[in-house]
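Next up, run.pdb (PDB, C-alpha atoms and all ligand atoms):
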```pdb
ATOM      1  CA  MET S   1      13.866  -6.201  19.657
ATOM      2  CA  VAL S   2      13.667  -3.744  16.781
ATOM      3  CA  LEU S   3      16.750  -1.621  16.068
ATOM      4  CA  ASN S   4      17.056   1.727  14.358
ATOM      5  CA  GLU S   5      17.575   0.777  10.709
ATOM      6  CA  LEU S   6      20.448   3.195  10.059
ATOM      7  CA  ILE S   7      22.354   1.884  13.074
ATOM      8  CA  GLU S   8      21.800  -1.673  11.856
ATOM      9  CA  VAL S   9      23.297  -0.700   8.488
ATOM     10  CA  LEU S  10      26.312   1.083  10.014
ATOM     11  CA  LEU S  11      27.115  -1.653  12.542
ATOM     12  CA  TRP S  12      26.133  -4.538  10.254
ATOM     13  CA  ASP S  13      29.246  -6.643  10.955
ATOM     14  CA  ASN S  14      28.982  -6.183  14.730
ATOM     15  CA  ILE S  15      25.263  -6.075  15.189
ATOM     16  CA  GLN S  16      25.135  -8.680  17.975
ATOM     17  CA  LYS S  17      27.461  -6.481  20.073
ATOM     18  CA  TYR S  18      25.175  -3.500  19.527
ATOM     19  CA  ILE S  19      22.106  -5.599  20.440
ATOM     20  CA  HIS S  20      23.689  -6.579  23.773
ATOM     21  CA  PHE S  21      24.668  -2.979  24.449
ATOM     22  CA  SER S  22      21.194  -1.758  23.501
ATOM     23  CA  ILE S  23      19.367  -4.247  25.760
ATOM     24  CA  GLU S  24      21.490  -3.049  28.717
ATOM     25  CA  ASN S  25      21.126   0.624  27.811
ATOM     26  CA  THR S  26      17.342   0.239  27.517
ATOM     27  CA  ALA S  27      17.058  -1.607  30.838
ATOM     28  CA  LYS S  28      19.179   1.037  32.610
ATOM     29  CA  ASN S  29      17.724   4.205  31.162
ATOM     30  CA  LEU S  30      14.275   3.759  29.645
ATOM     31  CA  PRO S  31      11.633   5.013  30.071
ATOM     32  CA  ASP S  32      12.770   7.426  32.805
ATOM     33  CA  ASN S  33      16.095   8.732  31.526
ATOM     34  CA  GLU S  34      15.790   9.223  27.797
ATOM     35  CA  ASP S  35      18.600  11.834  27.606
ATOM     36  CA  GLU S  36      21.090   9.413  29.164
ATOM     37  CA  TYR S  37      19.882   6.620  26.854
ATOM     38  CA  TYR S  38      20.657   8.707  23.752
ATOM     39  CA  LYS S  39      23.960   9.953  25.225
ATOM     40  CA  GLN S  40      25.104   6.349  25.753
ATOM     41  CA  ARG S  41      23.876   5.317  22.301
ATOM     42  CA  ASP S  42      25.681   8.230  20.638
ATOM     43  CA  ASN S  43      28.919   7.448  22.521
ATOM     44  CA  PHE S  44      28.707   3.867  21.285
ATOM     45  CA  LEU S  45      28.215   5.056  17.685
ATOM     46  CA  LEU S  46      31.057   7.596  17.920
ATOM     47  CA  GLN S  47      33.412   4.902  19.208
ATOM     48  CA  LYS S  48      32.508   2.460  16.420
ATOM     49  CA  VAL S  49      31.999   4.759  13.426
ATOM     50  CA  LYS S  50      34.525   7.447  14.410
ATOM     51  CA  THR S  51      34.518   9.796  11.364
ATOM     52  CA  LYS S  52      32.413  11.048   8.468
ATOM     53  CA  GLU S  53      34.765   9.240   6.044
ATOM     54  CA  ASN S  54      34.318   5.973   7.900
ATOM     55  CA  PHE S  55      30.531   6.519   7.914
ATOM     56  CA  ALA S  56      30.613   6.562   4.081
ATOM     57  CA  THR S  57      32.904   3.486   4.045
ATOM     58  CA  LEU S  58      30.471   1.580   6.299
ATOM     59  CA  ILE S  59      27.564   2.460   3.984
ATOM     60  CA  ASP S  60      29.632   1.156   1.042
ATOM     61  CA  HIS S  61      30.373  -2.003   3.006
ATOM     62  CA  TYR S  62      26.654  -2.544   3.700
ATOM     63  CA  HIS S  63      25.831  -1.798   0.059
ATOM     64  CA  GLN S  64      28.141  -4.689  -0.938
ATOM     65  CA  ASN S  65      27.548  -7.120   1.934
ATOM     66  CA  GLY S  66      24.302  -6.224   3.747
ATOM     67  CA  LYS S  67      21.342  -8.579   3.429
ATOM     68  CA  ALA S  68      17.616  -8.744   4.103
ATOM     69  CA  ILE S  69      18.259 -10.917   7.148
ATOM     70  CA  TRP S  70      16.861  -9.964  10.537
ATOM     71  CA  HIS S  71      19.745  -8.805  12.779
ATOM     72  CA  GLY S  72      22.095 -10.718  10.506
ATOM     73  CA  ASN S  73      20.790 -13.938  12.047
ATOM     74  CA  ALA S  74      19.225 -16.340   9.574
ATOM     75  CA  ASN S  75      17.671 -18.357  12.442
ATOM     76  CA  SER S  76      15.316 -15.587  13.537
ATOM     77  CA  GLN S  77      13.757 -14.649  10.214
ATOM     78  CA  ASN S  78      10.172 -14.346  11.276
ATOM     79  CA  CYS S  79      10.108 -13.139  14.837
ATOM     80  CA  THR S  80      11.998 -10.704  17.007
ATOM     81  CA  THR S  81      13.349 -12.222  20.199
ATOM     82  CA  ILE S  82      10.549 -12.116  22.762
ATOM     83  CA  LEU S  83      12.093 -10.821  25.967
ATOM     84  CA  GLN S  84      10.948 -11.897  29.448
ATOM     85  CA  ALA S  85       9.396  -8.444  29.886
ATOM     86  CA  ASP S  86       7.315  -8.943  26.734
ATOM     87  CA  ILE S  87       5.528 -12.054  27.963
ATOM     88  CA  ASP S  88       3.064 -10.091  30.131
ATOM     89  CA  ASN S  89       2.591  -7.641  27.280
ATOM     90  CA  LEU S  90       1.665 -10.435  24.884
ATOM     91  CA  PHE S  91      -1.427 -11.228  26.950
ATOM     92  CA  ASN S  92      -2.355  -7.674  27.962
ATOM     93  CA  TYR S  93      -1.970  -6.219  24.483
ATOM     94  CA  GLY S  94      -4.463  -8.475  22.725
ATOM     95  CA  SER S  95      -7.403  -7.604  24.973
ATOM     96  CA  ARG S  96     -10.576  -5.748  23.951
ATOM     97  CA  ARG S  97      -9.799  -3.190  26.679
ATOM     98  CA  HIS S  98      -6.420  -2.596  25.129
ATOM     99  CA  GLY S  99      -8.099  -2.112  21.723
ATOM    100  CA  ALA S 100     -10.369   0.541  23.256
ATOM    101  CA  GLU S 101      -7.320   2.333  24.703
ATOM    102  CA  ILE S 102      -5.445   2.336  21.378
ATOM    103  CA  ALA S 103      -8.528   3.462  19.442
ATOM    104  CA  LYS S 104      -8.996   6.397  21.830
ATOM    105  CA  GLN S 105      -5.351   7.505  21.469
ATOM    106  CA  MET S 106      -5.435   7.142  17.700
ATOM    107  CA  GLU S 107      -8.692   9.077  17.423
ATOM    108  CA  THR S 108      -7.006  11.977  19.246
ATOM    109  CA  MET S 109      -3.938  11.766  16.985
ATOM    110  CA  SER S 110      -6.106  11.743  13.869
ATOM    111  CA  THR S 111      -7.554  15.128  14.838
ATOM    112  CA  THR S 112      -4.249  16.705  15.911
ATOM    113  CA  TRP S 113      -1.098  15.859  13.918
ATOM    114  CA  ALA S 114      -2.134  12.742  11.979
ATOM    115  CA  THR S 115      -4.823  14.381   9.856
ATOM    116  CA  HIS S 116      -3.803  12.211   6.885
ATOM    117  CA  LEU S 117      -5.258   9.089   8.565
ATOM    118  CA  ALA S 118      -8.798   9.389   7.162
ATOM    119  CA  ASP S 119      -7.446   9.761   3.588
ATOM    120  CA  TYR S 120      -5.132   6.797   4.152
ATOM    121  CA  GLY S 121      -7.950   4.579   5.512
ATOM    122  CA  LYS S 122     -10.171   5.487   2.552
ATOM    123  CA  ALA S 123      -7.390   4.947  -0.003
ATOM    124  CA  ILE S 124      -6.852   1.424   1.378
ATOM    125  CA  ASN S 125     -10.609   0.746   1.197
ATOM    126  CA  TYR S 126     -11.084   2.248  -2.267
ATOM    127  CA  ARG S 127     -13.092  -0.847  -3.298
ATOM    128  CA  ASN S 128     -15.320  -3.330  -1.480
ATOM    129  CA  ASN S 129     -14.741  -7.141  -1.567
ATOM    130  CA  THR S 130     -10.967  -6.880  -1.328
ATOM    131  CA  ASP S 131      -8.259  -8.673   0.605
ATOM    132  CA  ILE S 132      -5.790  -6.248   2.150
ATOM    133  CA  LEU S 133      -2.306  -6.883   3.520
ATOM    134  CA  GLU S 134      -0.932  -4.335   5.973
ATOM    135  CA  LEU S 135       2.840  -4.212   6.498
ATOM    136  CA  THR S 136       3.823  -3.178  10.027
ATOM    137  CA  ILE S 137       1.469  -2.657  12.933
ATOM    138  CA  GLY S 138       3.765  -0.960  15.443
ATOM    139  CA  ALA S 139       1.660   1.090  17.849
ATOM    140  CA  GLY S 140      -1.347   0.562  15.579
ATOM    141  CA  LEU S 141      -1.957   3.968  14.003
ATOM    142  CA  GLY S 142      -2.190   2.704  10.420
ATOM    143  CA  THR S 143      -4.141  -0.378  11.527
ATOM    144  CA  TYR S 144      -6.638   1.902  13.269
ATOM    145  CA  ALA S 145      -7.088   3.996  10.072
ATOM    146  CA  ALA S 146      -7.618   0.888   7.931
ATOM    147  CA  ILE S 147     -10.129  -0.668  10.365
ATOM    148  CA  ALA S 148     -12.031   2.574  11.044
ATOM    149  CA  ASN S 149     -12.679   2.807   7.265
ATOM    150  CA  LEU S 150     -13.068  -0.922   6.567
ATOM    151  CA  LEU S 151     -15.796  -1.599   3.990
ATOM    152  CA  PRO S 152     -18.271  -4.395   4.837
ATOM    153  CA  ASN S 153     -16.725  -7.132   2.689
ATOM    154  CA  ASN S 154     -13.073  -6.186   3.024
ATOM    155  CA  ARG S 155     -10.664  -8.319   5.025
ATOM    156  CA  MET S 156      -7.210  -7.460   6.281
ATOM    157  CA  ILE S 157      -4.154  -9.331   7.525
ATOM    158  CA  SER S 158      -1.673  -7.092   9.355
ATOM    159  CA  VAL S 159       1.904  -8.297   9.714
ATOM    160  CA  ASP S 160       4.742  -7.257  11.964
ATOM    161  CA  ILE S 161       7.962  -8.987  12.928
ATOM    162  CA  ASP S 162       7.376  -7.944  16.537
ATOM    163  CA  TYR S 163       4.868 -10.268  18.174
ATOM    164  CA  VAL S 164       3.894  -7.675  20.791
ATOM    165  CA  CYS S 165       2.828  -5.328  17.968
ATOM    166  CA  VAL S 166       0.820  -8.125  16.337
ATOM    167  CA  ARG S 167      -1.339  -8.159  19.445
ATOM    168  CA  ASN S 168      -2.197  -4.467  18.849
ATOM    169  CA  ALA S 169      -3.900  -5.452  15.575
ATOM    170  CA  ASP S 170      -5.833  -8.257  17.280
ATOM    171  CA  ALA S 171      -6.946  -5.877  20.044
ATOM    172  CA  LEU S 172      -8.164  -3.253  17.550
ATOM    173  CA  ALA S 173      -9.990  -5.941  15.562
ATOM    174  CA  LYS S 174     -11.784  -7.099  18.731
ATOM    175  CA  HIS S 175     -12.643  -3.559  19.803
ATOM    176  CA  PHE S 176     -14.194  -2.709  16.411
ATOM    177  CA  ASN S 177     -15.948  -6.112  16.233
ATOM    178  CA  VAL S 178     -14.181  -7.075  13.016
ATOM    179  CA  ASP S 179     -12.099  -9.941  14.395
ATOM    180  CA  ASP S 180     -13.764 -12.222  11.837
ATOM    181  CA  ARG S 181     -12.218 -10.054   9.062
ATOM    182  CA  VAL S 182      -9.004  -8.626  10.561
ATOM    183  CA  CYS S 183      -6.118 -10.426  12.210
ATOM    184  CA  GLY S 184      -2.487  -9.869  13.110
ATOM    185  CA  LEU S 185       0.245 -12.167  11.808
ATOM    186  CA  ASN S 186       3.837 -12.473  12.966
ATOM    187  CA  ALA S 187       5.901 -12.326   9.786
ATOM    188  CA  ASN S 188       8.901 -10.677   8.173
ATOM    189  CA  PHE S 189       7.956  -8.573   5.170
ATOM    190  CA  TRP S 190      11.216  -9.476   3.419
ATOM    191  CA  HIS S 191       9.925 -13.062   3.159
ATOM    192  CA  LEU S 192       6.141 -12.866   3.172
ATOM    193  CA  PRO S 193       4.530 -16.245   3.890
ATOM    194  CA  PHE S 194       1.974 -15.958   1.069
ATOM    195  CA  GLU S 195       1.779 -17.393  -2.409
ATOM    196  CA  ASP S 196       1.947 -15.028  -5.401
ATOM    197  CA  GLU S 197      -0.889 -12.644  -6.352
ATOM    198  CA  VAL S 198      -3.248 -13.127  -3.394
ATOM    199  CA  PHE S 199      -3.938  -9.528  -2.296
ATOM    200  CA  ASP S 200      -5.924  -6.727  -3.924
ATOM    201  CA  THR S 201      -4.235  -4.079  -1.795
ATOM    202  CA  VAL S 202      -1.045  -3.835   0.227
ATOM    203  CA  CYS S 203      -0.571  -0.880   2.540
ATOM    204  CA  THR S 204       1.892   0.479   5.049
ATOM    205  CA  HIS S 205       1.898   3.425   7.438
ATOM    206  CA  TYR S 206       5.484   4.517   8.198
ATOM    207  CA  GLY S 207       6.669   0.981   7.501
ATOM    208  CA  LEU S 208       9.091   1.666   4.623
ATOM    209  CA  ASP S 209      10.801   4.619   6.269
ATOM    210  CA  GLU S 210      11.285   2.787   9.582
ATOM    211  CA  SER S 211      12.962  -0.307   8.136
ATOM    212  CA  ARG S 212      15.832  -1.178   5.819
ATOM    213  CA  GLU S 213      16.031  -3.211   2.577
ATOM    214  CA  VAL S 214      13.279  -1.276   0.829
ATOM    215  CA  PRO S 215      13.832  -2.919  -2.617
ATOM    216  CA  THR S 216      13.341  -6.415  -1.124
ATOM    217  CA  THR S 217      10.142  -5.247   0.589
ATOM    218  CA  LEU S 218       8.858  -3.740  -2.677
ATOM    219  CA  ASN S 219       9.646  -6.970  -4.574
ATOM    220  CA  GLU S 220       7.619  -8.911  -2.013
ATOM    221  CA  ILE S 221       4.732  -6.416  -2.243
ATOM    222  CA  SER S 222       4.723  -6.718  -6.022
ATOM    223  CA  ARG S 223       4.842 -10.521  -5.807
ATOM    224  CA  VAL S 224       1.831 -10.888  -3.477
ATOM    225  CA  LEU S 225      -0.293  -8.249  -5.272
ATOM    226  CA  LYS S 226      -2.767  -9.312  -7.950
ATOM    227  CA  ASN S 227      -2.409  -7.609 -11.331
ATOM    228  CA  GLY S 228      -4.224  -4.284 -11.096
ATOM    229  CA  GLY S 229      -3.753  -4.279  -7.309
ATOM    230  CA  ARG S 230      -2.631  -1.220  -5.373
ATOM    231  CA  PHE S 231       0.103  -0.442  -2.887
ATOM    232  CA  ILE S 232      -0.748   2.497  -0.612
ATOM    233  CA  ALA S 233       2.049   3.893   1.559
ATOM    234  CA  ILE S 234       2.420   6.715   4.019
ATOM    235  CA  ALA S 235       6.059   7.709   4.448
ATOM    236  CA  ARG S 236       7.991  10.759   5.557
ATOM    237  CA  GLY S 237       8.463  13.751   3.293
ATOM    238  CA  ASN S 238      11.646  14.393   5.232
ATOM    239  CA  PRO S 239      13.612  11.184   5.941
ATOM    240  CA  TYR S 240      16.621  13.266   7.048
ATOM    241  CA  ALA S 241      14.671  14.375  10.155
ATOM    242  CA  ARG S 242      14.342  10.758  11.360
ATOM    243  CA  HIS S 243      18.115  10.273  11.448
ATOM    244  CA  LYS S 244      19.264  13.851  12.088
ATOM    245  CA  GLY S 245      20.638  12.971  15.554
ATOM    246  CA  ILE S 246      22.941  10.347  13.987
ATOM    247  CA  PHE S 247      23.927  12.401  10.911
ATOM    248  CA  ASP S 248      24.797  15.346  13.182
ATOM    249  CA  LEU S 249      27.271  13.199  15.144
ATOM    250  CA  PHE S 250      29.333  12.886  11.945
ATOM    251  CA  ASP S 251      28.698  16.369  10.486
ATOM    252  CA  ILE S 252      26.659  15.028   7.586
ATOM    253  CA  PRO S 253      24.382  17.782   6.243
ATOM    254  CA  GLU S 254      20.937  17.097   4.805
ATOM    255  CA  GLN S 255      21.954  17.292   1.117
ATOM    256  CA  GLU S 256      24.633  14.596   1.662
ATOM    257  CA  CYS S 257      22.321  12.159   3.471
ATOM    258  CA  TYR S 258      20.044  11.205   0.544
ATOM    259  CA  PRO S 259      22.644   9.427  -1.648
ATOM    260  CA  LEU S 260      23.890   7.607   1.464
ATOM    261  CA  LEU S 261      20.375   6.383   2.359
ATOM    262  CA  GLN S 262      19.732   5.334  -1.248
ATOM    263  CA  LYS S 263      23.030   3.435  -1.369
ATOM    264  CA  ALA S 264      22.084   1.676   1.883
ATOM    265  CA  ARG S 265      18.805   0.592   0.186
ATOM    266  CA  MET S 266      16.829   2.633   2.707
ATOM    267  CA  TYR S 267      13.943   5.066   2.209
ATOM    268  CA  SER S 268      15.384   8.346   0.921
ATOM    269  CA  GLY S 269      12.238  10.311   0.081
ATOM    270  CA  PHE S 270       9.957  10.708  -2.927
ATOM    271  CA  ASP S 271      12.309  10.254  -5.907
ATOM    272  CA  GLY S 272      14.218   7.396  -4.291
ATOM    273  CA  LEU S 273      11.049   5.450  -3.466
ATOM    274  CA  VAL S 274       9.497   5.941  -6.893
ATOM    275  CA  ALA S 275      12.747   4.712  -8.508
ATOM    276  CA  PHE S 276      12.944   1.590  -6.286
ATOM    277  CA  ALA S 277       9.214   0.861  -6.856
ATOM    278  CA  LYS S 278       9.643   1.089 -10.638
ATOM    279  CA  GLU S 279      12.331  -1.590 -10.453
ATOM    280  CA  SER S 280       9.760  -3.836  -8.690
ATOM    281  CA  GLY S 281       7.114  -3.238 -11.360
ATOM    282  CA  LEU S 282       5.041  -0.791  -9.286
ATOM    283  CA  LYS S 283       3.896   2.403 -10.988
ATOM    284  CA  LEU S 284       3.049   5.602  -9.082
ATOM    285  CA  ILE S 285      -0.504   6.619 -10.052
ATOM    286  CA  ASP S 286      -1.199   9.269  -7.405
ATOM    287  CA  HIS S 287       0.318  10.978  -4.399
ATOM    288  CA  LYS S 288      -0.538  13.643  -1.849
ATOM    289  CA  ILE S 289       1.843  15.750   0.228
ATOM    290  CA  TYR S 290       0.511  16.804   3.629
ATOM    291  CA  ASP S 291       1.058  20.068   5.464
ATOM    292  CA  PRO S 292       4.761  20.278   6.499
ATOM    293  CA  THR S 293       3.875  22.595   9.407
ATOM    294  CA  LYS S 294       1.810  19.898  11.174
ATOM    295  CA  THR S 295       4.652  17.463  11.978
ATOM    296  CA  ALA S 296       8.435  17.383  11.644
ATOM    297  CA  HIS S 297       8.176  14.430   9.244
ATOM    298  CA  TYR S 298       5.382  15.694   7.023
ATOM    299  CA  PRO S 299       3.776  12.643   5.451
ATOM    300  CA  ILE S 300       3.372  11.783   1.795
ATOM    301  CA  MET S 301       0.683   9.338   0.689
ATOM    302  CA  TYR S 302       1.835   7.254  -2.289
ATOM    303  CA  VAL S 303      -0.552   5.224  -4.437
ATOM    304  CA  PHE S 304       1.197   2.645  -6.635
ATOM    305  CA  GLU S 305      -0.384   0.174  -9.014
ATOM    306  CA  LYS S 306       0.835  -3.177 -10.248
ATOM    307  CA  PRO S 307      -0.189  -2.876 -13.926
TER     308      PRO S 307
HETATM  309  C1  LIG S 401       7.223   2.360  13.939
HETATM  310  S1  LIG S 401       6.440   1.030  13.305
HETATM  311  C2  LIG S 401       5.496   1.622  11.964
HETATM  312  C3  LIG S 401       4.313   2.449  12.422
HETATM  313  C4  LIG S 401       3.016   1.692  12.523
HETATM  314  N1  LIG S 401       2.663   1.070  11.252
HETATM  315  C5  LIG S 401       1.901   2.612  12.958
HETATM  316  O1  LIG S 401       1.117   3.050  12.093
HETATM  317  O2  LIG S 401       1.771   2.893  14.159
HETATM  318  C6  LIG S 401       7.715   0.127  12.522
HETATM  319  C7  LIG S 401       7.401  -1.334  12.646
HETATM  320  O3  LIG S 401       8.052  -2.037  11.602
HETATM  321  C8  LIG S 401       8.297  -3.345  12.046
HETATM  322  N2  LIG S 401       9.274  -3.942  11.143
HETATM  323  C9  LIG S 401      10.529  -3.472  10.858
HETATM  324  N3  LIG S 401      11.132  -4.294   9.976
HETATM  325  C10 LIG S 401      10.249  -5.287   9.683
HETATM  326  C11 LIG S 401      10.300  -6.427   8.833
HETATM  327  N4  LIG S 401      11.380  -6.723   8.110
HETATM  328  N5  LIG S 401       9.202  -7.220   8.759
HETATM  329  C12 LIG S 401       8.110  -6.945   9.483
HETATM  330  N6  LIG S 401       7.994  -5.872  10.325
HETATM  331  C13 LIG S 401       9.073  -5.059  10.418
HETATM  332  C14 LIG S 401       8.749  -3.122  13.488
HETATM  333  O4  LIG S 401       8.569  -4.279  14.278
HETATM  334  C15 LIG S 401       7.853  -1.964  13.944
HETATM  335  O5  LIG S 401       6.717  -2.427  14.628
END
```
Turn this file's structure into structure tokens for me.
Ligand SMILES: C[S@@+](CC[C@H](N)C(=O)[O-])C[C@H]1O[C@@H](n2cnc3c(N)ncnc32)[C@H](O)[C@@H]1O
Amino acid sequence: MVLNELIEVLLWDNIQKYIHFSIENTAKNLPDNEDEYYKQRDNFLLQKVKTKENFATLIDHYHQNGKAIWHGNANSQNCTTILQADIDNLFNYGSRRHGAEIAKQMETMSTTWATHLADYGKAINYRNNTDILELTIGAGLGTYAAIANLLPNNRMISVDIDYVCVRNADALAKHFNVDDRVCGLNANFWHLPFEDEVFDTVCTHYGLDESREVPTTLNEISRVLKNGGRFIAIARGNPYARHKGIFDLFDIPEQECYPLLQKARMYSGFDGLVAFAKESGLKLIDHKIYDPTKTAHYPIMYVFEKP
């Protein structure tokens, strides 16, 4: 199970309690009663966090004590817990038919709101004969962009901590007949299971802004990249929008959210990411800001280089 990263930061000391609550809330209310799901979630947060002052105290606490450990449980570093309900999904999701379904959905998205996808796919494949590492597969939007633009001698390994999502990458690879050059891998990007300097390119599509411990992730990216290699990321131009529902509960306005996110080692927008990346030895060499009117979280494409 993947949790909202800000909630994981705020409830760091009691995360197992929140996980139990969240499993029950999901089973009771999703997918049919989303409003009730969020009402219950917000009540839980209000009870635990209580005030704006305490919100800031909890961020300080995480800043001092939080770790790049999955759900605070060192025994489950490389895989989310696979629930009973996921077992059917594991088999269904990896099929060629499933790949065709995802590709169709993603094609539609790439012509409506996700018009950055073609640029992203090309930026990843800026050279032929490269080994690419993709961080996070999720629903497969970024994986689709990378595969749809894959040059003939490029290969890609796509990682996600959620095994169900890994199957999305395998399904897309089968559908596009590149399963000899693309595969999914179940791994945690805070502890990548690769030796140093093996990839020419690392990429991620909404991976940094939908996870916590961004500096650890960037250190790992820098470690596995060859010298001269590139890190291409798509991330939100407006990280506040992702967490607005939670910030609103505690009357935290947009201008106050950025220092809090930065302190929590989360994605806090352009300046924050460039600063974290610099600390990991990654230099911004290009970026493109996409049309803010197309989506609420208008994307930015970042191109970093490991000199
Ligand atoms: C919403 S998805 C990203 C969007 C996806 N790349 C796409 O283009 O459709 C966020 C993903 O990050 C994964 N994730 C979060 N933290 C992670 C970690 N530490 N290591 C590996 N994957 C992680 C989650 O399992 C989830 O699938």
ask   = What is the atom CA of Leu192 of chain S to atom CA of Glu220 of chain S distance in Å?
value = 6.7 Å
Where does segment 52-122 of chain S meet segment 144-168 of chain S within 7 Å, residue by residue, with the nearest atom pair and distance in Å to one decimal for each, counting all atoms listed in the file, listed by chain and rising number, as a tab-separated table?
```
residue	atom	partner	partner_atom	distance
S:Asn78	CA	S:Ile161	CA	6.0
S:Cys79	CA	S:Ile161	CA	5.0
S:Thr80	CA	S:Asp162	CA	5.4
S:Asp86	CA	S:Val164	CA	7.0
S:Asn89	CA	S:Val164	CA	6.6
S:Leu90	CA	S:Val164	CA	5.4
S:Tyr93	CA	S:Arg167	CA	5.4
S:Gly94	CA	S:Arg167	CA	4.5
S:Gly99	CA	S:Asn168	CA	7.0
S:Ala103	CA	S:Tyr144	CA	6.6
S:Met106	CA	S:Tyr144	CA	7.0
S:Leu117	CA	S:Ala145	CA	5.6
S:Ala118	CA	S:Ala145	CA	6.4
S:Tyr120	CA	S:Ala145	CA	6.8
S:Gly121	CA	S:Ala146	CA	4.4
S:Lys122	CA	S:Asn149	CA	6.0
```
Give, as lines of an AutoDock Vina configuration file, the centre coordinates and the x, y and z edge lengths in Å to one decimal for an axis-aligned box around all listed atoms of ligand LIG 401 (chain S), padded by 6 Å on each side.
```
center_x = 6.2
center_y = -2.1
center_z = 11.4
size_x = 22.3
size_y = 22.3
size_z = 18.5
```
message = Which residues are near ligand LIG 401 (chain S) - at most 9 Å, using only C-alpha atoms and all ligand atoms? Format: as a ChimeraX atom specification.
response = /S:1-3,5,68-70,77-80,134-145,159-166,186-192,204-213,217,234
Residues within 10 Å of Leu261 of chain S, all atoms listed in the file, excluding chain neighbours under 2 positions, as an mmCIF file with C-alpha atoms, in the frame of the given file:
```
data_model
loop_
_atom_site.group_PDB
_atom_site.id
_atom_site.type_symbol
_atom_site.label_atom_id
_atom_site.label_comp_id
_atom_site.auth_asym_id
_atom_site.auth_seq_id
_atom_site.Cartn_x
_atom_site.Cartn_y
_atom_site.Cartn_z
ATOM 1 C CA LEU S 6 20.448 3.195 10.059
ATOM 2 C CA VAL S 9 23.297 -0.700 8.488
ATOM 3 C CA ILE S 59 27.564 2.460 3.984
ATOM 4 C CA ARG S 212 15.832 -1.178 5.819
ATOM 5 C CA PRO S 239 13.612 11.184 5.941
ATOM 6 C CA TYR S 240 16.621 13.266 7.048
ATOM 7 C CA GLU S 256 24.633 14.596 1.662
ATOM 8 C CA CYS S 257 22.321 12.159 3.471
ATOM 9 C CA TYR S 258 20.044 11.205 0.544
ATOM 10 C CA PRO S 259 22.644 9.427 -1.648
ATOM 11 C CA LYS S 263 23.030 3.435 -1.369
ATOM 12 C CA ALA S 264 22.084 1.676 1.883
ATOM 13 C CA ARG S 265 18.805 0.592 0.186
ATOM 14 C CA MET S 266 16.829 2.633 2.707
ATOM 15 C CA TYR S 267 13.943 5.066 2.209
ATOM 16 C CA SER S 268 15.384 8.346 0.921
ATOM 17 C CA GLY S 269 12.238 10.311 0.081
ATOM 18 C CA GLY S 272 14.218 7.396 -4.291
#
```
Residue completion, segment 274-286 of chain S, N, CA and C atoms, as a PDB file, in the frame of the given file:
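The new file out-v7.pdb reads:
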```pdb
ATOM      1  N   VAL S 274      10.127   6.182  -5.586  1.00  0.00           N
ATOM      2  CA  VAL S 274       9.497   5.941  -6.893  1.00  0.00           C
ATOM      3  C   VAL S 274      10.453   5.137  -7.789  1.00  0.00           C
ATOM      4  N   ALA S 275      11.757   5.445  -7.694  1.00  0.00           N
ATOM      5  CA  ALA S 275      12.747   4.712  -8.508  1.00  0.00           C
ATOM      6  C   ALA S 275      12.817   3.245  -8.079  1.00  0.00           C
ATOM      7  N   PHE S 276      12.895   2.984  -6.779  1.00  0.00           N
ATOM      8  CA  PHE S 276      12.944   1.590  -6.286  1.00  0.00           C
ATOM      9  C   PHE S 276      11.666   0.842  -6.701  1.00  0.00           C
ATOM     10  N   ALA S 277      10.501   1.514  -6.565  1.00  0.00           N
ATOM     11  CA  ALA S 277       9.214   0.861  -6.856  1.00  0.00           C
ATOM     12  C   ALA S 277       9.138   0.478  -8.338  1.00  0.00           C
ATOM     13  N   LYS S 278       9.661   1.360  -9.187  1.00  0.00           N
ATOM     14  CA  LYS S 278       9.643   1.089 -10.638  1.00  0.00           C
ATOM     15  C   LYS S 278      10.408  -0.207 -10.940  1.00  0.00           C
ATOM     16  N   GLU S 279      11.538  -0.365 -10.245  1.00  0.00           N
ATOM     17  CA  GLU S 279      12.331  -1.590 -10.453  1.00  0.00           C
ATOM     18  C   GLU S 279      11.552  -2.846 -10.055  1.00  0.00           C
ATOM     19  N   SER S 280      10.563  -2.680  -9.129  1.00  0.00           N
ATOM     20  CA  SER S 280       9.760  -3.836  -8.690  1.00  0.00           C
ATOM     21  C   SER S 280       8.477  -3.967  -9.489  1.00  0.00           C
ATOM     22  N   GLY S 281       8.321  -3.149 -10.524  1.00  0.00           N
ATOM     23  CA  GLY S 281       7.114  -3.238 -11.360  1.00  0.00           C
ATOM     24  C   GLY S 281       5.917  -2.519 -10.766  1.00  0.00           C
ATOM     25  N   LEU S 282       6.151  -1.553  -9.874  1.00  0.00           N
ATOM     26  CA  LEU S 282       5.041  -0.791  -9.286  1.00  0.00           C
ATOM     27  C   LEU S 282       5.087   0.640  -9.825  1.00  0.00           C
ATOM     28  N   LYS S 283       3.931   1.097 -10.320  1.00  0.00           N
ATOM     29  CA  LYS S 283       3.896   2.403 -10.988  1.00  0.00           C
ATOM     30  C   LYS S 283       3.141   3.396 -10.111  1.00  0.00           C
ATOM     31  N   LEU S 284       3.732   4.580  -9.895  1.00  0.00           N
ATOM     32  CA  LEU S 284       3.049   5.602  -9.082  1.00  0.00           C
ATOM     33  C   LEU S 284       1.877   6.153  -9.880  1.00  0.00           C
ATOM     34  N   ILE S 285       0.647   6.069  -9.307  1.00  0.00           N
ATOM     35  CA  ILE S 285      -0.504   6.619 -10.052  1.00  0.00           C
ATOM     36  C   ILE S 285      -1.080   7.852  -9.359  1.00  0.00           C
ATOM     37  N   ASP S 286      -0.692   8.081  -8.111  1.00  0.00           N
ATOM     38  CA  ASP S 286      -1.199   9.269  -7.405  1.00  0.00           C
ATOM     39  C   ASP S 286      -0.336   9.494  -6.171  1.00  0.00           C
TER      40      ASP S 286
END
```
